[in-house]
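So this block is structure24.cif, mmCIF, C-alpha atoms:
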```
data_target
#
loop_
_atom_site.label_atom_id
_atom_site.label_comp_id
_atom_site.auth_asym_id
_atom_site.auth_seq_id
_atom_site.Cartn_x
_atom_site.Cartn_y
_atom_site.Cartn_z
CA MET A 1 258.08 83.66 204.52
CA LEU A 2 259.67 82.02 207.53
CA GLU A 3 263.01 83.48 206.58
CA LEU A 4 261.52 86.93 206.40
CA ALA A 5 260.06 86.59 209.90
CA THR A 6 263.40 85.46 211.33
CA PHE A 7 265.09 88.32 209.55
CA ALA A 8 262.58 90.80 211.01
CA GLN A 9 263.30 89.45 214.50
CA GLN A 10 267.02 89.66 214.09
CA ALA A 11 266.90 93.07 212.55
CA ALA A 12 264.62 94.57 215.21
CA GLY A 13 267.53 95.95 217.22
CA GLU A 14 269.26 97.28 214.16
CA LEU A 15 266.02 98.78 212.87
CA GLU A 16 265.54 100.62 216.15
CA ALA A 17 269.10 101.93 216.07
CA GLY A 18 268.65 103.05 212.48
CA LEU A 19 265.36 104.80 213.21
CA THR A 20 266.98 106.49 216.23
CA ALA A 21 269.70 107.84 214.00
CA VAL A 22 267.11 109.10 211.49
CA GLY A 23 265.15 110.71 214.34
CA ARG A 24 268.24 112.49 215.62
CA GLY A 25 268.95 113.76 212.15
CA ILE A 26 265.42 115.08 211.72
CA VAL A 27 265.39 116.78 215.14
CA TYR A 28 268.68 118.56 214.64
CA GLY A 29 268.13 119.28 210.96
CA GLY A 30 264.71 120.78 211.66
CA ALA A 31 266.03 122.84 214.55
CA ALA A 32 268.85 124.24 212.43
CA ILE A 33 266.69 125.69 209.64
CA GLY A 34 265.19 128.67 211.46
CA PRO A 35 268.34 129.79 213.34
CA GLY A 36 270.31 129.41 210.10
CA ILE A 37 268.07 131.92 208.36
CA GLY A 38 267.96 134.09 211.49
CA ILE A 39 271.73 134.33 211.96
CA GLY A 40 272.07 135.14 208.27
CA LEU A 41 269.63 138.03 208.65
CA VAL A 42 271.33 139.30 211.83
CA VAL A 43 274.86 139.28 210.41
CA GLY A 44 273.79 140.56 207.00
CA ASN A 45 271.99 143.54 208.47
CA ALA A 46 274.85 144.18 210.90
CA ILE A 47 277.29 144.34 207.96
CA THR A 48 274.96 146.74 206.14
CA ALA A 49 274.81 148.93 209.23
CA MET A 50 278.59 148.84 209.70
CA SER A 51 279.32 149.76 206.10
CA ARG A 52 276.79 152.59 206.13
CA GLN A 53 278.06 154.03 209.39
CA PRO A 54 281.55 152.71 210.17
CA GLU A 55 281.78 154.95 213.24
CA THR A 56 279.10 152.88 215.02
CA ALA A 57 280.82 149.57 214.21
CA GLY A 58 281.66 148.85 217.87
CA THR A 59 278.10 149.13 219.11
CA VAL A 60 276.73 147.25 216.12
CA ARG A 61 279.19 144.40 216.67
CA THR A 62 278.18 143.97 220.32
CA THR A 63 274.51 144.00 219.40
CA MET A 64 275.19 141.58 216.55
CA PHE A 65 276.76 139.05 218.93
CA LEU A 66 273.79 139.41 221.26
CA GLY A 67 271.42 138.79 218.35
CA ILE A 68 273.43 135.77 217.22
CA ALA A 69 273.45 134.39 220.77
CA PHE A 70 269.67 134.65 221.12
CA THR A 71 269.00 133.16 217.67
CA GLU A 72 271.57 130.41 218.04
CA ALA A 73 270.03 129.19 221.31
CA LEU A 74 267.18 127.52 219.40
CA ALA A 75 269.55 125.48 217.24
CA LEU A 76 271.47 124.45 220.36
CA PHE A 77 268.27 123.32 222.08
CA GLY A 78 267.74 121.12 219.02
CA PHE A 79 271.30 119.81 219.27
CA VAL A 80 270.83 118.82 222.91
CA LEU A 81 267.35 117.42 222.22
CA SER A 82 268.75 115.20 219.48
CA PHE A 83 270.74 113.36 222.15
CA ILE A 84 267.83 113.25 224.58
CA VAL A 85 265.39 111.97 221.93
CA ALA A 86 267.42 108.79 221.49
CA GLY A 87 267.29 108.04 225.22
CA MET B 1 278.79 103.57 215.79
CA LYS B 2 280.31 102.35 212.53
CA LEU B 3 280.38 104.58 209.49
CA LEU B 4 282.37 104.09 206.27
CA ALA B 5 284.29 101.29 208.01
CA ILE B 6 285.52 103.78 210.63
CA GLU B 7 284.71 103.04 214.27
CA PHE B 8 283.36 106.15 216.01
CA PRO B 9 283.36 106.08 219.82
CA PRO B 10 279.92 106.40 221.49
CA ILE B 11 279.25 109.83 222.99
CA SER B 12 279.42 108.55 226.58
CA HIS B 13 282.95 107.38 225.88
CA VAL B 14 284.03 110.85 224.77
CA ILE B 15 282.71 112.97 227.63
CA GLU B 16 282.42 110.66 230.65
CA TRP B 17 285.65 110.00 232.48
CA PRO B 18 286.24 107.22 235.01
CA GLY B 19 286.56 108.32 238.61
CA ILE B 20 289.99 108.44 240.17
CA ALA B 21 289.10 108.80 243.84
CA LEU B 22 285.93 108.78 246.02
CA LYS B 23 284.20 106.51 243.51
CA ASP B 24 280.38 106.22 243.42
CA THR B 25 279.86 109.22 245.68
CA PRO B 26 278.59 112.67 244.65
CA PHE B 27 282.14 113.92 245.25
CA GLU B 28 283.77 111.56 242.76
CA ILE B 29 287.00 113.00 241.40
CA ASN B 30 287.65 112.51 237.69
CA LYS B 31 289.54 114.30 234.94
CA VAL B 32 286.95 117.08 234.60
CA VAL B 33 287.07 117.85 238.32
CA ILE B 34 290.86 118.01 238.26
CA LEU B 35 290.73 120.33 235.24
CA MET B 36 288.26 122.53 237.15
CA TRP B 37 290.70 122.78 240.08
CA ILE B 38 293.53 123.65 237.72
CA SER B 39 291.38 126.31 235.98
CA ALA B 40 290.48 127.91 239.29
CA ALA B 41 294.11 127.80 240.37
CA ILE B 42 295.26 129.33 237.07
CA VAL B 43 292.74 132.18 237.22
CA PHE B 44 293.56 132.92 240.86
CA GLY B 45 297.31 132.42 240.49
CA PHE B 46 297.60 134.48 237.32
CA PHE B 47 295.89 137.56 238.72
CA TRP B 48 297.67 137.21 242.07
CA PHE B 49 301.01 136.95 240.31
CA ALA B 50 300.20 139.81 237.92
CA GLY B 51 298.96 142.10 240.70
CA ARG B 52 301.90 141.58 243.03
CA LYS B 53 304.01 144.58 242.05
CA LYS B 54 301.56 147.06 240.46
CA GLU B 55 304.07 149.03 238.41
CA MET B 56 303.15 152.29 236.71
CA VAL B 57 304.42 150.98 233.40
CA PRO B 58 303.11 147.40 233.25
CA ARG B 59 305.33 144.61 231.94
CA GLY B 60 304.83 140.91 231.28
CA ALA B 61 302.01 139.27 233.23
CA GLN B 62 300.72 142.59 234.55
CA ASN B 63 300.35 143.78 230.97
CA ILE B 64 298.19 140.79 229.99
CA ALA B 65 296.13 141.08 233.18
CA GLU B 66 295.50 144.78 232.58
CA ALA B 67 294.50 144.12 228.97
CA THR B 68 292.00 141.51 230.20
CA VAL B 69 290.54 143.81 232.82
CA ASP B 70 290.36 146.58 230.23
CA PHE B 71 288.53 144.29 227.81
CA VAL B 72 285.98 143.24 230.43
CA ARG B 73 285.48 146.87 231.49
CA ASN B 74 285.24 148.53 228.10
CA GLY B 75 284.23 145.64 225.88
CA ILE B 76 281.58 144.04 228.06
CA ILE B 77 280.43 146.18 230.99
CA MET B 78 280.47 149.61 229.34
CA GLN B 79 278.61 148.18 226.32
CA THR B 80 275.87 146.47 228.32
CA MET B 81 275.54 148.11 231.76
CA GLY B 82 277.03 151.56 231.28
CA PRO B 83 279.29 153.42 233.73
CA HIS B 84 277.18 152.62 236.83
CA GLY B 85 277.86 148.90 236.27
CA LEU B 86 281.61 149.27 236.72
CA ASN B 87 281.60 147.95 240.28
CA TRP B 88 280.55 144.60 238.78
CA THR B 89 284.01 144.29 237.17
CA PRO B 90 285.46 141.73 239.68
CA PHE B 91 282.51 139.38 239.30
CA MET B 92 282.38 139.65 235.51
CA LEU B 93 286.15 139.24 235.20
CA THR B 94 286.10 136.09 237.33
CA LEU B 95 283.22 134.66 235.30
CA PHE B 96 284.91 135.50 231.99
CA MET B 97 288.29 134.07 232.94
CA PHE B 98 286.91 130.90 234.54
CA ILE B 99 284.74 130.10 231.51
CA MET B 100 287.55 130.88 229.10
CA VAL B 101 290.17 128.77 230.89
CA GLY B 102 287.61 125.95 231.28
CA ASN B 103 286.91 126.06 227.53
CA VAL B 104 290.55 126.24 226.51
CA TRP B 105 291.17 122.70 227.87
CA GLY B 106 289.32 121.39 224.80
CA ILE B 107 292.20 122.28 222.47
CA ILE B 108 295.17 121.70 224.77
CA PRO B 109 296.83 118.35 224.03
CA VAL B 110 296.66 115.73 226.82
CA ALA B 111 293.77 117.57 228.51
CA GLN B 112 291.49 117.58 225.40
CA MET B 113 288.30 118.07 227.39
CA PRO B 114 286.52 121.41 227.84
CA THR B 115 285.12 121.37 231.39
CA ASN B 116 282.09 123.29 230.14
CA ALA B 117 281.14 120.35 227.92
CA ARG B 118 279.58 118.83 231.06
CA ILE B 119 276.29 120.52 231.90
CA ALA B 120 277.18 120.86 235.62
CA PHE B 121 279.52 123.84 235.12
CA PRO B 122 277.32 125.97 232.82
CA ALA B 123 274.26 125.03 234.90
CA LEU B 124 275.89 126.13 238.17
CA MET B 125 277.09 129.41 236.68
CA ALA B 126 273.66 130.04 235.12
CA ILE B 127 272.00 129.39 238.49
CA VAL B 128 274.37 131.88 240.15
CA VAL B 129 273.54 134.50 237.52
CA TYR B 130 269.81 133.68 237.71
CA VAL B 131 269.65 134.13 241.48
CA LEU B 132 271.86 137.21 241.23
CA TYR B 133 269.85 139.19 238.71
CA HIS B 134 266.51 138.46 240.33
CA PHE B 135 267.99 139.34 243.73
CA MET B 136 269.44 142.60 242.37
CA GLY B 137 266.16 143.46 240.65
CA ILE B 138 264.13 142.92 243.82
CA LYS B 139 266.71 144.79 245.90
CA GLU B 140 266.81 147.80 243.59
CA GLN B 141 263.12 148.10 242.73
CA GLY B 142 261.18 146.17 245.38
CA LEU B 143 259.32 142.93 244.68
CA GLY B 144 256.06 144.34 243.31
CA HIS B 145 257.71 146.99 241.18
CA TYR B 146 260.24 144.50 239.82
CA LEU B 147 257.56 141.99 238.81
CA LYS B 148 255.52 144.76 237.20
CA ASN B 149 258.53 146.01 235.22
CA THR B 150 259.51 142.50 234.18
CA LEU B 151 256.14 141.12 233.21
CA ILE B 152 254.19 144.10 231.86
CA LEU B 153 255.40 145.76 228.68
CA PRO B 154 254.65 149.48 228.41
CA GLY B 155 252.46 150.94 225.68
CA VAL B 156 250.58 147.74 224.86
CA PRO B 157 246.77 147.52 224.55
CA ALA B 158 245.25 146.10 227.75
CA ALA B 159 243.79 143.01 226.05
CA MET B 160 247.21 141.94 224.78
CA HIS B 161 248.49 141.48 228.33
CA VAL B 162 246.59 138.18 228.55
CA LEU B 163 248.98 136.88 225.91
CA LEU B 164 252.11 138.86 226.75
CA VAL B 165 252.39 138.39 230.52
CA PRO B 166 252.81 134.57 230.31
CA ILE B 167 255.34 134.98 227.49
CA GLU B 168 257.33 137.55 229.47
CA PHE B 169 257.16 135.31 232.54
CA ILE B 170 258.49 132.29 230.63
CA THR B 171 261.24 134.44 229.09
CA ALA B 172 262.48 135.99 232.34
CA PHE B 173 262.14 132.99 234.64
CA ILE B 174 262.69 129.91 232.46
CA THR B 175 264.15 130.54 229.00
CA GLN B 176 266.83 133.06 229.96
CA PRO B 177 268.71 130.90 232.50
CA LEU B 178 268.07 127.71 230.50
CA SER B 179 269.44 129.15 227.28
CA LEU B 180 272.37 130.72 229.14
CA ALA B 181 273.44 127.29 230.41
CA VAL B 182 272.56 125.31 227.30
CA ARG B 183 274.29 127.76 224.94
CA LEU B 184 277.67 127.37 226.61
CA PHE B 185 277.25 123.63 227.17
CA ALA B 186 276.06 122.76 223.67
CA ASN B 187 278.66 124.93 221.95
CA MET B 188 281.52 123.30 223.83
CA LEU B 189 280.06 119.79 223.43
CA ALA B 190 279.55 120.30 219.70
CA GLY B 191 283.09 121.58 219.28
CA HIS B 192 284.47 118.68 221.29
CA LEU B 193 282.52 116.13 219.22
CA LEU B 194 283.69 117.74 215.96
CA LEU B 195 287.31 117.54 217.05
CA VAL B 196 286.85 113.93 218.18
CA SER B 197 285.20 112.95 214.89
CA PHE B 198 287.93 114.46 212.74
CA GLY B 199 290.60 113.08 215.06
CA VAL B 200 289.13 109.59 214.63
CA ILE B 201 288.90 109.97 210.84
CA THR B 202 292.45 111.31 210.61
CA ALA B 203 293.80 108.42 212.68
CA ALA B 204 291.75 105.79 210.84
CA VAL B 205 292.75 106.73 207.30
CA PHE B 206 296.45 106.92 208.19
CA THR B 207 297.08 103.50 206.63
CA ALA B 208 298.79 102.09 203.57
CA SER B 209 295.47 101.47 201.78
CA ALA B 210 293.81 103.64 199.13
CA THR B 211 291.78 105.60 201.70
CA ALA B 212 295.00 107.38 202.69
CA ILE B 213 294.27 109.79 199.81
CA ILE B 214 291.79 111.69 202.00
CA TRP B 215 294.24 111.90 204.89
CA PRO B 216 295.55 115.41 204.02
CA PHE B 217 291.99 116.75 203.79
CA ALA B 218 290.96 115.16 207.09
CA PHE B 219 294.07 116.43 208.81
CA GLY B 220 293.68 119.90 207.27
CA LEU B 221 290.09 120.08 208.46
CA LEU B 222 291.18 118.96 211.92
CA LEU B 223 293.71 121.80 212.04
CA PHE B 224 291.12 124.28 210.73
CA LEU B 225 288.54 123.18 213.30
CA THR B 226 291.07 123.46 216.10
CA THR B 227 291.72 127.06 215.04
CA PHE B 228 287.98 127.63 214.84
CA GLU B 229 287.65 126.27 218.39
CA ILE B 230 290.04 128.98 219.62
CA LEU B 231 287.53 131.53 218.32
CA VAL B 232 284.58 129.67 219.89
CA VAL B 233 286.38 129.41 223.25
CA PHE B 234 286.75 133.17 223.41
CA LEU B 235 283.33 133.95 221.90
CA GLN B 236 281.38 131.76 224.32
CA ALA B 237 283.10 133.24 227.37
CA PHE B 238 282.42 136.71 225.91
CA ILE B 239 278.73 135.98 225.19
CA PHE B 240 278.08 134.38 228.58
CA THR B 241 279.58 137.37 230.40
CA MET B 242 277.84 139.86 228.13
CA LEU B 243 274.44 138.25 228.62
CA THR B 244 275.04 138.27 232.38
CA GLY B 245 275.61 142.02 232.08
CA VAL B 246 272.48 142.48 229.97
CA TYR B 247 270.31 140.52 232.41
CA ILE B 248 271.64 142.34 235.47
CA SER B 249 271.27 145.78 233.90
CA LYS B 250 267.77 144.92 232.65
CA ALA B 251 266.75 143.82 236.16
CA THR B 252 268.26 146.79 237.99
CA SER B 253 267.41 149.72 235.75
CA ALA B 254 263.79 150.82 235.88
CA GLU B 255 263.36 152.22 232.39
CA HIS B 256 259.60 152.41 232.45
#
```
Whole structure given in structure tokens:
Amino acid sequence: MLELATFAQQAAGELEAGLTAVGRGIVYGGAAIGPGIGIGLVVGNAITAMSRQPETAGTVRTTMFLGIAFTEALALFGFVLSFIVAG
Amino acid sequence: MKLLAIEFPPISHVIEWPGIALKDTPFEINKVVILMWISAAIVFGFFWFAGRKKEMVPRGAQNIAEATVDFVRNGIIMQTMGPHGLNWTPFMLTLFMFIMVGNVWGIIPVAQMPTNARIAFPALMAIVVYVLYHFMGIKEQGLGHYLKNTLILPGVPAAMHVLLVPIEFITAFITQPLSLAVRLFANMLAGHLLLVSFGVITAAVFTASATAIIWPFAFGLLLFLTTFEILVVFLQAFIFTMLTGVYISKATSAEH
């Protein structure tokens, strides 16, 4: 029992570091789900549009990058937050 | 941080550089500041050098400079602001080139540090754009008209405005500049960290032990990611400039 208590004291710092790493993983992993689906939808539909009407490919590509940029911002907020969350 | 017996440097070690001169003052000079000076000098020097002679049939540097100007005009401004935005070309070109040269440092040996991986550069440029598009909007439309056009969506039931006006306010005044800065910063930081991680792995497994089997894969991935970074460098400069164009044209044109 005594050994366990000493171990818990020694491991407190390591436990905190480990939990921080898990927290970072959860924050970034969670933030990446939605934008992942969103970018897939944006690019997929842009490809459909381009193959249906190749003459509008230029406009569609510009709009596609805009859509990607807006969707991707959420994942990047998560990426930055994952560093902030650890302090 | 230790992982699979490989020592990864902490993040502060990868992006914070010791000061060279004027230590512990707000004007401390370190590697990133020097790279910023070089980027500014390259952008200025390149266009000055390319524009010296102005030949009818462009050659060499003038050719590259004209291709860049043409890309910013036709690829960015015409797509987002239309023909009446063409007098923004100098500003957009400067923005595009400065961001691109700042990003390129991440993949150039010896430098190996994109200046835009420190939040100060994207934040300053986002603040400039933020002030600019609100200023242009107020100048073109007048304060009341501009606020009305920004905050109130047309053709929406009156009751919905209770919900929509705060959302539009947060979008135009907080999220847009924040995401503009964070997008560039986080993309460059993520790319930098990826390159550092694979660089560390490649260096660590280059030993006589059995782990050397994965060396070709680690090195191959490092090469692939470096190539990928070239794409990201260009794409982020492109997106930042394009969004600047979108925000300015949205603020200045009274569609409704």
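Distance-wise, CA of Pro35 in chain A and CA of Ala75 in chain A end up 5.9 Å apart.
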(message) With only C-alpha atoms considered, list every residue of chain A at most 8 Å from chain B, as a ChimeraX atom specification.
(response) /A:59,62,65-66,69,72-73,76-77,79-80
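Atom to atom, CA of Phe8 in chain B and CA of Ala218 in chain B stand 14.8 Å apart.
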Once 5 Å is added on each side, what are the centre and the three edge lengths, in Å to one decimal, of the axis-aligned box enclosing the listed atoms of range 73-81 of chain A? Present them as JSON.
```
{"center_x": 269.3, "center_y": 123.3, "center_z": 220.1, "size_x": 14.3, "size_y": 21.8, "size_z": 15.7}
```
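Evaluated against the shown file, the PyMOL selection byres ((chain B and resi 91) around 12) gives Val69, Val72, Arg73, Ile77, Gly85, Leu86, Asn87, Trp88, Thr89, Pro90, Met92, Leu93, Thr94, Leu95, Phe96, Met97, Phe98, Met125, Val128, Val129, Leu132, Thr241, Thr244, Gly245 and Ile248 of chain B.
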(request) Write out as a ChimeraX atom specification each polymer residue whose atoms come within 9 Å of range 105-116 of chain B, counting only C-alpha atoms; drop sequence neighbours fewer than 4 positions from it. (result) /B:14-15,31-33,35-36,39,99,101,120-122,184-186,188-189,191-192,195,226-227,229-230,233
(request) Fewer than 2 positions away in the same chain doesn't count, so skip those; otherwise give me all residues within 10 Å of Gly19 in chain B, counting all atoms listed in the file, as a ChimeraX atom specification. (result) /B:16-17,21-25,27-33
Only N, CA and C atoms, as a PDB file, in the first residue's frame: that is what I want for range 129-150 of chain B.
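What ended up in result.pdb:
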```pdb
ATOM      1  N   VAL B 129      -5.360  44.016 -43.396  1.00  0.00           N
ATOM      2  CA  VAL B 129      -6.492  43.719 -44.269  1.00  0.00           C
ATOM      3  C   VAL B 129      -7.810  44.063 -43.579  1.00  0.00           C
ATOM      4  N   TYR B 130      -7.896  43.755 -42.281  1.00  0.00           N
ATOM      5  CA  TYR B 130      -9.108  44.010 -41.494  1.00  0.00           C
ATOM      6  C   TYR B 130      -9.451  45.502 -41.485  1.00  0.00           C
ATOM      7  N   VAL B 131      -8.439  46.320 -41.141  1.00  0.00           N
ATOM      8  CA  VAL B 131      -8.655  47.767 -41.122  1.00  0.00           C
ATOM      9  C   VAL B 131      -9.009  48.252 -42.529  1.00  0.00           C
ATOM     10  N   LEU B 132      -8.308  47.693 -43.518  1.00  0.00           N
ATOM     11  CA  LEU B 132      -8.483  48.146 -44.901  1.00  0.00           C
ATOM     12  C   LEU B 132      -9.900  47.895 -45.398  1.00  0.00           C
ATOM     13  N   TYR B 133     -10.425  46.673 -45.191  1.00  0.00           N
ATOM     14  CA  TYR B 133     -11.726  46.416 -45.817  1.00  0.00           C
ATOM     15  C   TYR B 133     -12.867  47.106 -45.090  1.00  0.00           C
ATOM     16  N   HIS B 134     -12.719  47.295 -43.774  1.00  0.00           N
ATOM     17  CA  HIS B 134     -13.747  48.076 -43.084  1.00  0.00           C
ATOM     18  C   HIS B 134     -13.667  49.543 -43.497  1.00  0.00           C
ATOM     19  N   PHE B 135     -12.419  50.046 -43.621  1.00  0.00           N
ATOM     20  CA  PHE B 135     -12.241  51.438 -44.041  1.00  0.00           C
ATOM     21  C   PHE B 135     -12.838  51.653 -45.428  1.00  0.00           C
ATOM     22  N   MET B 136     -12.530  50.731 -46.363  1.00  0.00           N
ATOM     23  CA  MET B 136     -13.038  50.867 -47.727  1.00  0.00           C
ATOM     24  C   MET B 136     -14.555  50.781 -47.760  1.00  0.00           C
ATOM     25  N   GLY B 137     -15.116  49.876 -46.947  1.00  0.00           N
ATOM     26  CA  GLY B 137     -16.570  49.731 -46.897  1.00  0.00           C
ATOM     27  C   GLY B 137     -17.244  50.996 -46.417  1.00  0.00           C
ATOM     28  N   ILE B 138     -16.677  51.588 -45.334  1.00  0.00           N
ATOM     29  CA  ILE B 138     -17.270  52.807 -44.787  1.00  0.00           C
ATOM     30  C   ILE B 138     -17.093  53.964 -45.762  1.00  0.00           C
ATOM     31  N   LYS B 139     -15.928  53.987 -46.440  1.00  0.00           N
ATOM     32  CA  LYS B 139     -15.665  55.076 -47.381  1.00  0.00           C
ATOM     33  C   LYS B 139     -16.608  55.005 -48.592  1.00  0.00           C
ATOM     34  N   GLU B 140     -16.839  53.786 -49.084  1.00  0.00           N
ATOM     35  CA  GLU B 140     -17.652  53.636 -50.287  1.00  0.00           C
ATOM     36  C   GLU B 140     -19.139  53.808 -49.994  1.00  0.00           C
ATOM     37  N   GLN B 141     -19.596  53.285 -48.850  1.00  0.00           N
ATOM     38  CA  GLN B 141     -21.035  53.212 -48.620  1.00  0.00           C
ATOM     39  C   GLN B 141     -21.529  54.120 -47.496  1.00  0.00           C
ATOM     40  N   GLY B 142     -20.621  54.674 -46.692  1.00  0.00           N
ATOM     41  CA  GLY B 142     -21.058  55.416 -45.516  1.00  0.00           C
ATOM     42  C   GLY B 142     -21.279  54.461 -44.360  1.00  0.00           C
ATOM     43  N   LEU B 143     -21.075  54.949 -43.132  1.00  0.00           N
ATOM     44  CA  LEU B 143     -21.066  54.055 -41.973  1.00  0.00           C
ATOM     45  C   LEU B 143     -22.381  53.301 -41.792  1.00  0.00           C
ATOM     46  N   GLY B 144     -23.508  54.035 -41.788  1.00  0.00           N
ATOM     47  CA  GLY B 144     -24.792  53.394 -41.530  1.00  0.00           C
ATOM     48  C   GLY B 144     -25.134  52.373 -42.595  1.00  0.00           C
ATOM     49  N   HIS B 145     -24.949  52.773 -43.848  1.00  0.00           N
ATOM     50  CA  HIS B 145     -25.264  51.907 -44.970  1.00  0.00           C
ATOM     51  C   HIS B 145     -24.396  50.655 -44.953  1.00  0.00           C
ATOM     52  N   TYR B 146     -23.112  50.856 -44.618  1.00  0.00           N
ATOM     53  CA  TYR B 146     -22.179  49.721 -44.587  1.00  0.00           C
ATOM     54  C   TYR B 146     -22.584  48.717 -43.518  1.00  0.00           C
ATOM     55  N   LEU B 147     -22.897  49.226 -42.316  1.00  0.00           N
ATOM     56  CA  LEU B 147     -23.304  48.329 -41.235  1.00  0.00           C
ATOM     57  C   LEU B 147     -24.583  47.587 -41.605  1.00  0.00           C
ATOM     58  N   LYS B 148     -25.511  48.314 -42.254  1.00  0.00           N
ATOM     59  CA  LYS B 148     -26.780  47.690 -42.624  1.00  0.00           C
ATOM     60  C   LYS B 148     -26.526  46.566 -43.640  1.00  0.00           C
ATOM     61  N   ASN B 149     -25.666  46.856 -44.634  1.00  0.00           N
ATOM     62  CA  ASN B 149     -25.381  45.845 -45.653  1.00  0.00           C
ATOM     63  C   ASN B 149     -24.621  44.650 -45.090  1.00  0.00           C
ATOM     64  N   THR B 150     -23.762  44.926 -44.077  1.00  0.00           N
ATOM     65  CA  THR B 150     -22.965  43.840 -43.524  1.00  0.00           C
ATOM     66  C   THR B 150     -23.786  42.958 -42.600  1.00  0.00           C
TER      67      THR B 150
END
```
